[in-house]
Structure formats: C-alpha cells, structure tokens
$ cat structure_7.pdb   # PDB, C-alpha atoms, pLDDT in the B column
ATOM      1  CA  MET A   1      38.104  35.468 -46.347  1.00 42.00           C
ATOM      2  CA  PHE A   2      34.911  36.566 -48.070  1.00 45.00           C
ATOM      3  CA  ALA A   3      31.887  34.378 -47.465  1.00 46.00           C
ATOM      4  CA  ASN A   4      31.111  34.265 -51.182  1.00 45.00           C
ATOM      5  CA  GLU A   5      34.596  32.834 -51.949  1.00 45.00           C
ATOM      6  CA  LYS A   6      33.366  29.457 -50.721  1.00 45.00           C
ATOM      7  CA  ALA A   7      31.981  28.628 -54.166  1.00 44.00           C
ATOM      8  CA  LYS A   8      34.918  26.993 -55.923  1.00 43.00           C
ATOM      9  CA  ASP A   9      33.626  27.627 -59.435  1.00 45.00           C
ATOM     10  CA  ARG A  10      33.127  31.359 -58.843  1.00 50.00           C
ATOM     11  CA  THR A  11      35.184  33.732 -60.941  1.00 53.00           C
ATOM     12  CA  ILE A  12      36.754  36.475 -58.868  1.00 54.00           C
ATOM     13  CA  ASN A  13      35.847  39.935 -60.146  1.00 57.00           C
ATOM     14  CA  HIS A  14      38.186  42.922 -60.464  1.00 54.00           C
ATOM     15  CA  LEU A  15      37.114  44.485 -57.158  1.00 46.00           C
ATOM     16  CA  ASP A  16      37.843  41.236 -55.311  1.00 59.00           C
ATOM     17  CA  PHE A  17      41.342  41.098 -56.810  1.00 56.00           C
ATOM     18  CA  GLU A  18      42.005  44.635 -55.619  1.00 57.00           C
ATOM     19  CA  THR A  19      40.901  43.930 -52.059  1.00 52.00           C
ATOM     20  CA  ILE A  20      42.187  40.428 -51.283  1.00 65.00           C
ATOM     21  CA  ASN A  21      45.739  39.415 -50.528  1.00 77.00           C
ATOM     22  CA  LEU A  22      46.801  37.570 -53.688  1.00 85.00           C
ATOM     23  CA  VAL A  23      50.495  37.294 -52.805  1.00 90.00           C
ATOM     24  CA  PHE A  24      51.764  35.916 -49.516  1.00 89.00           C
ATOM     25  CA  PRO A  25      53.876  36.039 -47.485  1.00 93.00           C
ATOM     26  CA  ASN A  26      54.675  39.640 -48.245  1.00 92.00           C
ATOM     27  CA  PRO A  27      57.329  40.708 -47.358  1.00 94.00           C
ATOM     28  CA  THR A  28      59.151  37.483 -48.224  1.00 95.00           C
ATOM     29  CA  SER A  29      62.668  36.129 -48.385  1.00 94.00           C
ATOM     30  CA  GLY A  30      61.787  34.859 -51.860  1.00 90.00           C
ATOM     31  CA  ALA A  31      59.233  32.048 -51.766  1.00 94.00           C
ATOM     32  CA  ILE A  32      55.648  33.180 -52.418  1.00 96.00           C
ATOM     33  CA  THR A  33      52.227  31.658 -52.902  1.00 95.00           C
ATOM     34  CA  LEU A  34      49.644  33.141 -55.262  1.00 93.00           C
ATOM     35  CA  LYS A  35      45.969  32.876 -54.358  1.00 87.00           C
ATOM     36  CA  HIS A  36      43.642  32.221 -57.307  1.00 87.00           C
ATOM     37  CA  ALA A  37      46.603  31.505 -59.616  1.00 89.00           C
ATOM     38  CA  ASP A  38      44.298  29.458 -61.855  1.00 90.00           C
ATOM     39  CA  GLN A  39      42.419  32.629 -62.806  1.00 89.00           C
ATOM     40  CA  PHE A  40      45.433  34.218 -64.517  1.00 93.00           C
ATOM     41  CA  ASN A  41      47.294  33.291 -67.683  1.00 95.00           C
ATOM     42  CA  SER A  42      50.501  35.320 -67.339  1.00 97.00           C
ATOM     43  CA  ILE A  43      52.781  36.729 -64.671  1.00 97.00           C
ATOM     44  CA  LYS A  44      55.565  39.307 -64.664  1.00 97.00           C
ATOM     45  CA  VAL A  45      57.824  40.504 -61.873  1.00 97.00           C
ATOM     46  CA  ILE A  46      59.032  44.037 -62.560  1.00 97.00           C
ATOM     47  CA  ASP A  47      61.605  46.026 -60.586  1.00 97.00           C
ATOM     48  CA  LEU A  48      61.206  49.708 -59.744  1.00 96.00           C
ATOM     49  CA  GLN A  49      63.278  50.690 -62.780  1.00 97.00           C
ATOM     50  CA  GLY A  50      60.715  48.982 -65.015  1.00 97.00           C
ATOM     51  CA  LYS A  51      62.928  46.018 -65.943  1.00 98.00           C
ATOM     52  CA  VAL A  52      61.129  42.687 -66.192  1.00 98.00           C
ATOM     53  CA  GLN A  53      62.929  40.298 -63.836  1.00 97.00           C
ATOM     54  CA  PHE A  54      60.654  37.313 -64.501  1.00 97.00           C
ATOM     55  CA  ALA A  55      57.892  36.518 -66.997  1.00 98.00           C
ATOM     56  CA  ALA A  56      55.813  33.449 -67.818  1.00 97.00           C
ATOM     57  CA  ASN A  57      52.770  32.752 -69.980  1.00 97.00           C
ATOM     58  CA  SER A  58      51.318  30.396 -67.399  1.00 95.00           C
ATOM     59  CA  VAL A  59      50.771  30.940 -63.706  1.00 95.00           C
ATOM     60  CA  LYS A  60      51.367  28.459 -60.908  1.00 95.00           C
ATOM     61  CA  GLU A  61      50.643  28.704 -57.189  1.00 95.00           C
ATOM     62  CA  GLU A  62      54.197  28.833 -55.872  1.00 96.00           C
ATOM     63  CA  TYR A  63      57.327  30.679 -56.952  1.00 96.00           C
ATOM     64  CA  ASP A  64      60.790  31.172 -55.523  1.00 96.00           C
ATOM     65  CA  PHE A  65      62.232  34.608 -56.206  1.00 95.00           C
ATOM     66  CA  SER A  66      65.120  34.287 -53.728  1.00 94.00           C
ATOM     67  CA  HIS A  67      67.523  34.895 -56.640  1.00 93.00           C
ATOM     68  CA  LEU A  68      66.283  38.494 -56.828  1.00 95.00           C
ATOM     69  CA  SER A  69      67.980  41.223 -54.823  1.00 95.00           C
ATOM     70  CA  ALA A  70      66.238  42.547 -51.750  1.00 95.00           C
ATOM     71  CA  GLY A  71      63.885  45.368 -52.694  1.00 96.00           C
ATOM     72  CA  VAL A  72      60.448  46.320 -53.941  1.00 97.00           C
ATOM     73  CA  TYR A  73      58.968  44.751 -57.073  1.00 97.00           C
ATOM     74  CA  TRP A  74      55.596  44.675 -58.809  1.00 96.00           C
ATOM     75  CA  ILE A  75      53.902  41.388 -59.652  1.00 95.00           C
ATOM     76  CA  GLN A  76      51.643  41.817 -62.658  1.00 95.00           C
ATOM     77  CA  LEU A  77      49.006  39.117 -63.117  1.00 93.00           C
ATOM     78  CA  THR A  78      46.959  39.120 -66.320  1.00 93.00           C
ATOM     79  CA  ASN A  79      43.998  37.224 -67.718  1.00 91.00           C
ATOM     80  CA  ASP A  80      41.793  37.801 -70.762  1.00 91.00           C
ATOM     81  CA  THR A  81      39.912  40.722 -69.210  1.00 89.00           C
ATOM     82  CA  GLN A  82      42.191  42.424 -66.688  1.00 87.00           C
ATOM     83  CA  SER A  83      45.647  43.080 -65.362  1.00 89.00           C
ATOM     84  CA  ILE A  84      46.347  43.375 -61.638  1.00 89.00           C
ATOM     85  CA  SER A  85      49.576  44.683 -60.119  1.00 91.00           C
ATOM     86  CA  LYS A  86      50.576  43.897 -56.550  1.00 92.00           C
ATOM     87  CA  LYS A  87      53.611  45.169 -54.673  1.00 93.00           C
ATOM     88  CA  LEU A  88      56.097  42.485 -53.597  1.00 95.00           C
ATOM     89  CA  ILE A  89      58.782  43.181 -51.009  1.00 95.00           C
ATOM     90  CA  ILE A  90      61.766  40.832 -50.989  1.00 96.00           C
ATOM     91  CA  GLN A  91      63.959  40.901 -47.894  1.00 94.00           C
ATOM     92  CA  ASN A  92      67.331  39.251 -47.375  1.00 78.00           C
ATOM     93  CA  GLY A  93      67.721  38.518 -51.094  1.00 48.00           C
ATOM     94  CA  ASN A  94      71.005  37.904 -52.843  1.00 49.00           C
TER      95      ASN A  94
END

$ encode --input "structure_7.pdb" --output "structure tokens"
Amino acid sequence: MFANEKAKDRTINHLDFETINLVFPNPTSGAITLKHADQFNSIKVIDLQGKVQFAANSVKEEYDFSHLSAGVYWIQLTNDTQSISKKLIIQNGN
C-alpha cells in the first residue's frame, strides 16, 4: 500500500489507478472486491468478444460474477474524468 493512501479524503489519480490492484482476488471463482469503488460512477464487465456481460451506473465494493463462464474479461471503471480497464480472470465458472 502506498504511504500517501492513508489520507481517506485523498482522490486517487490516474497513475495510482494504473499501478494499484483495484480488483481482488484475481483470478477468482466469481466473487470480487473493488478497492476505491467510491471513486467510480459506473462499471462494465466485457468479454473478449466485446460483449458487455454486466453494466451498472453505480459502483459497489463487492460483486459476484460466478454466473459468468470461466475466462478472461475486462472490468471497465469510469468516473467523470477517466476510464480504467482491468483484466479479470474467472476460473471454475458455470
């Protein structure tokens, strides 16, 4: 963890989002936790064919994607100034 993340009111900048682990555990069997979820206002889970498998206009800390087939997906998190994509690997899915 970065020492400067101790300040709870600090807004994470783009570089921080690129370097910290926002999604864990990864790989997962479906259940994930998102770090800094309160700093985003939308989420999408996109498969490798580009099909949106999940979308919401609010972001919470925990999700269960066990209904998705095992494979590689992209989680796209967006706020007013940026969009971050993180790879998500689901193992032992349906």

$ residues_around --input "structure_7.pdb" --residues "region 34-44 of chain A" --least-positions-apart "2" --cutoff "10 Å" --atoms "only C-alpha atoms" --output "ChimeraX atom specification"
/A:11-12,17,20-25,32,46-47,52-63,73-85

$ write_last_selection --input "structure_7.pdb" --atoms "C-alpha atoms" --output "short mmCIF file (atom, residue, chain, number, x, y, z; two decimals), in the coordinates of the input"
data_model
loop_
_atom_site.label_atom_id
_atom_site.label_comp_id
_atom_site.auth_asym_id
_atom_site.auth_seq_id
_atom_site.Cartn_x
_atom_site.Cartn_y
_atom_site.Cartn_z
CA THR A 11 35.18 33.73 -60.94
CA ILE A 12 36.75 36.48 -58.87
CA PHE A 17 41.34 41.10 -56.81
CA ILE A 20 42.19 40.43 -51.28
CA ASN A 21 45.74 39.42 -50.53
CA LEU A 22 46.80 37.57 -53.69
CA VAL A 23 50.50 37.29 -52.80
CA PHE A 24 51.76 35.92 -49.52
CA PRO A 25 53.88 36.04 -47.48
CA ILE A 32 55.65 33.18 -52.42
CA ILE A 46 59.03 44.04 -62.56
CA ASP A 47 61.60 46.03 -60.59
CA VAL A 52 61.13 42.69 -66.19
CA GLN A 53 62.93 40.30 -63.84
CA PHE A 54 60.65 37.31 -64.50
CA ALA A 55 57.89 36.52 -67.00
CA ALA A 56 55.81 33.45 -67.82
CA ASN A 57 52.77 32.75 -69.98
CA SER A 58 51.32 30.40 -67.40
CA VAL A 59 50.77 30.94 -63.71
CA LYS A 60 51.37 28.46 -60.91
CA GLU A 61 50.64 28.70 -57.19
CA GLU A 62 54.20 28.83 -55.87
CA TYR A 63 57.33 30.68 -56.95
CA TYR A 73 58.97 44.75 -57.07
CA TRP A 74 55.60 44.68 -58.81
CA ILE A 75 53.90 41.39 -59.65
CA GLN A 76 51.64 41.82 -62.66
CA LEU A 77 49.01 39.12 -63.12
CA THR A 78 46.96 39.12 -66.32
CA ASN A 79 44.00 37.22 -67.72
CA ASP A 80 41.79 37.80 -70.76
CA THR A 81 39.91 40.72 -69.21
CA GLN A 82 42.19 42.42 -66.69
CA SER A 83 45.65 43.08 -65.36
CA ILE A 84 46.35 43.38 -61.64
CA SER A 85 49.58 44.68 -60.12
#

$ closest_residue --input "structure_7.pdb" --among "A:Ser29, A:Leu48, A:Lys87, A:Asn92" --to "Phe65 (chain A)" --atoms "only C-alpha atoms"
A:Ser29

$ residues_near_point --input "structure_7.pdb" --point "(56.1, 44.6, -45.0)" --cutoff "7 Å" --atoms "only C-alpha atoms" --output "list of chain:residue names"
A:Asn26, A:Pro27, A:Ile89

$ atom_distance --input "structure_7.pdb" --atom1 "CA of Ala70 (chain A)" --atom2 "CA of Thr33 (chain A)"
17.8 Å

$ closest_residue --input "structure_7.pdb" --among "A:Val72, A:Ser66, A:Lys51, A:Gly30" --to "Leu88 (chain A)" --atoms "all atoms listed in the file"
A:Val72

$ build_atoms --input "structure_7.pdb" --residues "region 25-58 of chain A" --atoms "N, CA and C atoms" --output "PDB file, in the frame of the given file"
ATOM      1  N   PRO A  25      53.753  34.926 -48.419  1.00 93.00           N
ATOM      2  CA  PRO A  25      53.876  36.039 -47.485  1.00 93.00           C
ATOM      3  C   PRO A  25      54.450  37.262 -48.188  1.00 93.00           C
ATOM      4  N   ASN A  26      54.183  38.392 -47.659  1.00 92.00           N
ATOM      5  CA  ASN A  26      54.675  39.640 -48.245  1.00 92.00           C
ATOM      6  C   ASN A  26      54.806  40.661 -47.123  1.00 92.00           C
ATOM      7  N   PRO A  27      56.039  40.977 -46.736  1.00 94.00           N
ATOM      8  CA  PRO A  27      57.329  40.708 -47.358  1.00 94.00           C
ATOM      9  C   PRO A  27      57.716  39.225 -47.276  1.00 94.00           C
ATOM     10  N   THR A  28      58.679  38.859 -48.130  1.00 95.00           N
ATOM     11  CA  THR A  28      59.151  37.483 -48.224  1.00 95.00           C
ATOM     12  C   THR A  28      60.665  37.459 -48.379  1.00 95.00           C
ATOM     13  N   SER A  29      61.248  36.314 -48.094  1.00 94.00           N
ATOM     14  CA  SER A  29      62.668  36.129 -48.385  1.00 94.00           C
ATOM     15  C   SER A  29      62.842  35.566 -49.788  1.00 94.00           C
ATOM     16  N   GLY A  30      61.726  35.311 -50.477  1.00 90.00           N
ATOM     17  CA  GLY A  30      61.787  34.859 -51.860  1.00 90.00           C
ATOM     18  C   GLY A  30      60.660  33.948 -52.278  1.00 90.00           C
ATOM     19  N   ALA A  31      60.290  32.997 -51.418  1.00 94.00           N
ATOM     20  CA  ALA A  31      59.233  32.048 -51.766  1.00 94.00           C
ATOM     21  C   ALA A  31      57.869  32.694 -51.529  1.00 94.00           C
ATOM     22  N   ILE A  32      56.995  32.619 -52.539  1.00 96.00           N
ATOM     23  CA  ILE A  32      55.648  33.180 -52.418  1.00 96.00           C
ATOM     24  C   ILE A  32      54.603  32.178 -52.880  1.00 96.00           C
ATOM     25  N   THR A  33      53.391  32.405 -52.443  1.00 95.00           N
ATOM     26  CA  THR A  33      52.227  31.658 -52.902  1.00 95.00           C
ATOM     27  C   THR A  33      51.250  32.655 -53.489  1.00 95.00           C
ATOM     28  N   LEU A  34      50.646  32.290 -54.616  1.00 93.00           N
ATOM     29  CA  LEU A  34      49.644  33.141 -55.262  1.00 93.00           C
ATOM     30  C   LEU A  34      48.267  32.525 -55.063  1.00 93.00           C
ATOM     31  N   LYS A  35      47.368  33.289 -54.467  1.00 87.00           N
ATOM     32  CA  LYS A  35      45.969  32.876 -54.358  1.00 87.00           C
ATOM     33  C   LYS A  35      45.313  33.040 -55.728  1.00 87.00           C
ATOM     34  N   HIS A  36      44.424  32.150 -56.069  1.00 87.00           N
ATOM     35  CA  HIS A  36      43.642  32.221 -57.307  1.00 87.00           C
ATOM     36  C   HIS A  36      44.533  32.223 -58.555  1.00 87.00           C
ATOM     37  N   ALA A  37      45.675  31.554 -58.487  1.00 89.00           N
ATOM     38  CA  ALA A  37      46.603  31.505 -59.616  1.00 89.00           C
ATOM     39  C   ALA A  37      45.928  30.965 -60.875  1.00 89.00           C
ATOM     40  N   ASP A  38      44.975  30.064 -60.707  1.00 90.00           N
ATOM     41  CA  ASP A  38      44.298  29.458 -61.855  1.00 90.00           C
ATOM     42  C   ASP A  38      43.440  30.451 -62.633  1.00 90.00           C
ATOM     43  N   GLN A  39      43.240  31.642 -62.113  1.00 89.00           N
ATOM     44  CA  GLN A  39      42.419  32.629 -62.806  1.00 89.00           C
ATOM     45  C   GLN A  39      43.242  33.597 -63.652  1.00 89.00           C
ATOM     46  N   PHE A  40      44.548  33.363 -63.726  1.00 93.00           N
ATOM     47  CA  PHE A  40      45.433  34.218 -64.517  1.00 93.00           C
ATOM     48  C   PHE A  40      46.169  33.382 -65.545  1.00 93.00           C
ATOM     49  N   ASN A  41      46.565  34.030 -66.660  1.00 95.00           N
ATOM     50  CA  ASN A  41      47.294  33.291 -67.683  1.00 95.00           C
ATOM     51  C   ASN A  41      48.702  33.811 -67.927  1.00 95.00           C
ATOM     52  N   SER A  42      49.110  34.880 -67.246  1.00 97.00           N
ATOM     53  CA  SER A  42      50.501  35.320 -67.339  1.00 97.00           C
ATOM     54  C   SER A  42      50.905  36.070 -66.085  1.00 97.00           C
ATOM     55  N   ILE A  43      52.218  36.060 -65.845  1.00 97.00           N
ATOM     56  CA  ILE A  43      52.781  36.729 -64.671  1.00 97.00           C
ATOM     57  C   ILE A  43      54.076  37.417 -65.070  1.00 97.00           C
ATOM     58  N   LYS A  44      54.297  38.597 -64.506  1.00 97.00           N
ATOM     59  CA  LYS A  44      55.565  39.307 -64.664  1.00 97.00           C
ATOM     60  C   LYS A  44      55.971  39.835 -63.297  1.00 97.00           C
ATOM     61  N   VAL A  45      57.269  39.844 -63.047  1.00 97.00           N
ATOM     62  CA  VAL A  45      57.824  40.504 -61.873  1.00 97.00           C
ATOM     63  C   VAL A  45      58.709  41.620 -62.405  1.00 97.00           C
ATOM     64  N   ILE A  46      58.392  42.848 -61.999  1.00 97.00           N
ATOM     65  CA  ILE A  46      59.032  44.037 -62.560  1.00 97.00           C
ATOM     66  C   ILE A  46      59.681  44.816 -61.422  1.00 97.00           C
ATOM     67  N   ASP A  47      60.950  45.230 -61.625  1.00 97.00           N
ATOM     68  CA  ASP A  47      61.605  46.026 -60.586  1.00 97.00           C
ATOM     69  C   ASP A  47      61.181  47.490 -60.701  1.00 97.00           C
ATOM     70  N   LEU A  48      61.638  48.310 -59.769  1.00 96.00           N
ATOM     71  CA  LEU A  48      61.206  49.708 -59.744  1.00 96.00           C
ATOM     72  C   LEU A  48      61.772  50.540 -60.884  1.00 96.00           C
ATOM     73  N   GLN A  49      62.768  50.008 -61.597  1.00 97.00           N
ATOM     74  CA  GLN A  49      63.278  50.690 -62.780  1.00 97.00           C
ATOM     75  C   GLN A  49      62.507  50.295 -64.042  1.00 97.00           C
ATOM     76  N   GLY A  50      61.539  49.406 -63.894  1.00 97.00           N
ATOM     77  CA  GLY A  50      60.715  48.982 -65.015  1.00 97.00           C
ATOM     78  C   GLY A  50      61.256  47.782 -65.769  1.00 97.00           C
ATOM     79  N   LYS A  51      62.334  47.186 -65.280  1.00 98.00           N
ATOM     80  CA  LYS A  51      62.928  46.018 -65.943  1.00 98.00           C
ATOM     81  C   LYS A  51      62.194  44.757 -65.504  1.00 98.00           C
ATOM     82  N   VAL A  52      61.801  43.948 -66.482  1.00 98.00           N
ATOM     83  CA  VAL A  52      61.129  42.687 -66.192  1.00 98.00           C
ATOM     84  C   VAL A  52      62.176  41.694 -65.688  1.00 98.00           C
ATOM     85  N   GLN A  53      61.995  41.237 -64.457  1.00 97.00           N
ATOM     86  CA  GLN A  53      62.929  40.298 -63.836  1.00 97.00           C
ATOM     87  C   GLN A  53      62.493  38.848 -64.024  1.00 97.00           C
ATOM     88  N   PHE A  54      61.203  38.648 -64.293  1.00 97.00           N
ATOM     89  CA  PHE A  54      60.654  37.313 -64.501  1.00 97.00           C
ATOM     90  C   PHE A  54      59.372  37.452 -65.297  1.00 97.00           C
ATOM     91  N   ALA A  55      59.144  36.530 -66.229  1.00 98.00           N
ATOM     92  CA  ALA A  55      57.892  36.518 -66.997  1.00 98.00           C
ATOM     93  C   ALA A  55      57.567  35.083 -67.396  1.00 98.00           C
ATOM     94  N   ALA A  56      56.274  34.768 -67.387  1.00 97.00           N
ATOM     95  CA  ALA A  56      55.813  33.449 -67.818  1.00 97.00           C
ATOM     96  C   ALA A  56      54.410  33.576 -68.373  1.00 97.00           C
ATOM     97  N   ASN A  57      54.098  32.747 -69.367  1.00 97.00           N
ATOM     98  CA  ASN A  57      52.770  32.752 -69.980  1.00 97.00           C
ATOM     99  C   ASN A  57      51.836  31.706 -69.377  1.00 97.00           C
ATOM    100  N   SER A  58      52.205  31.225 -68.213  1.00 95.00           N
ATOM    101  CA  SER A  58      51.318  30.396 -67.399  1.00 95.00           C
ATOM    102  C   SER A  58      51.607  30.754 -65.947  1.00 95.00           C
TER     103      SER A  58
END
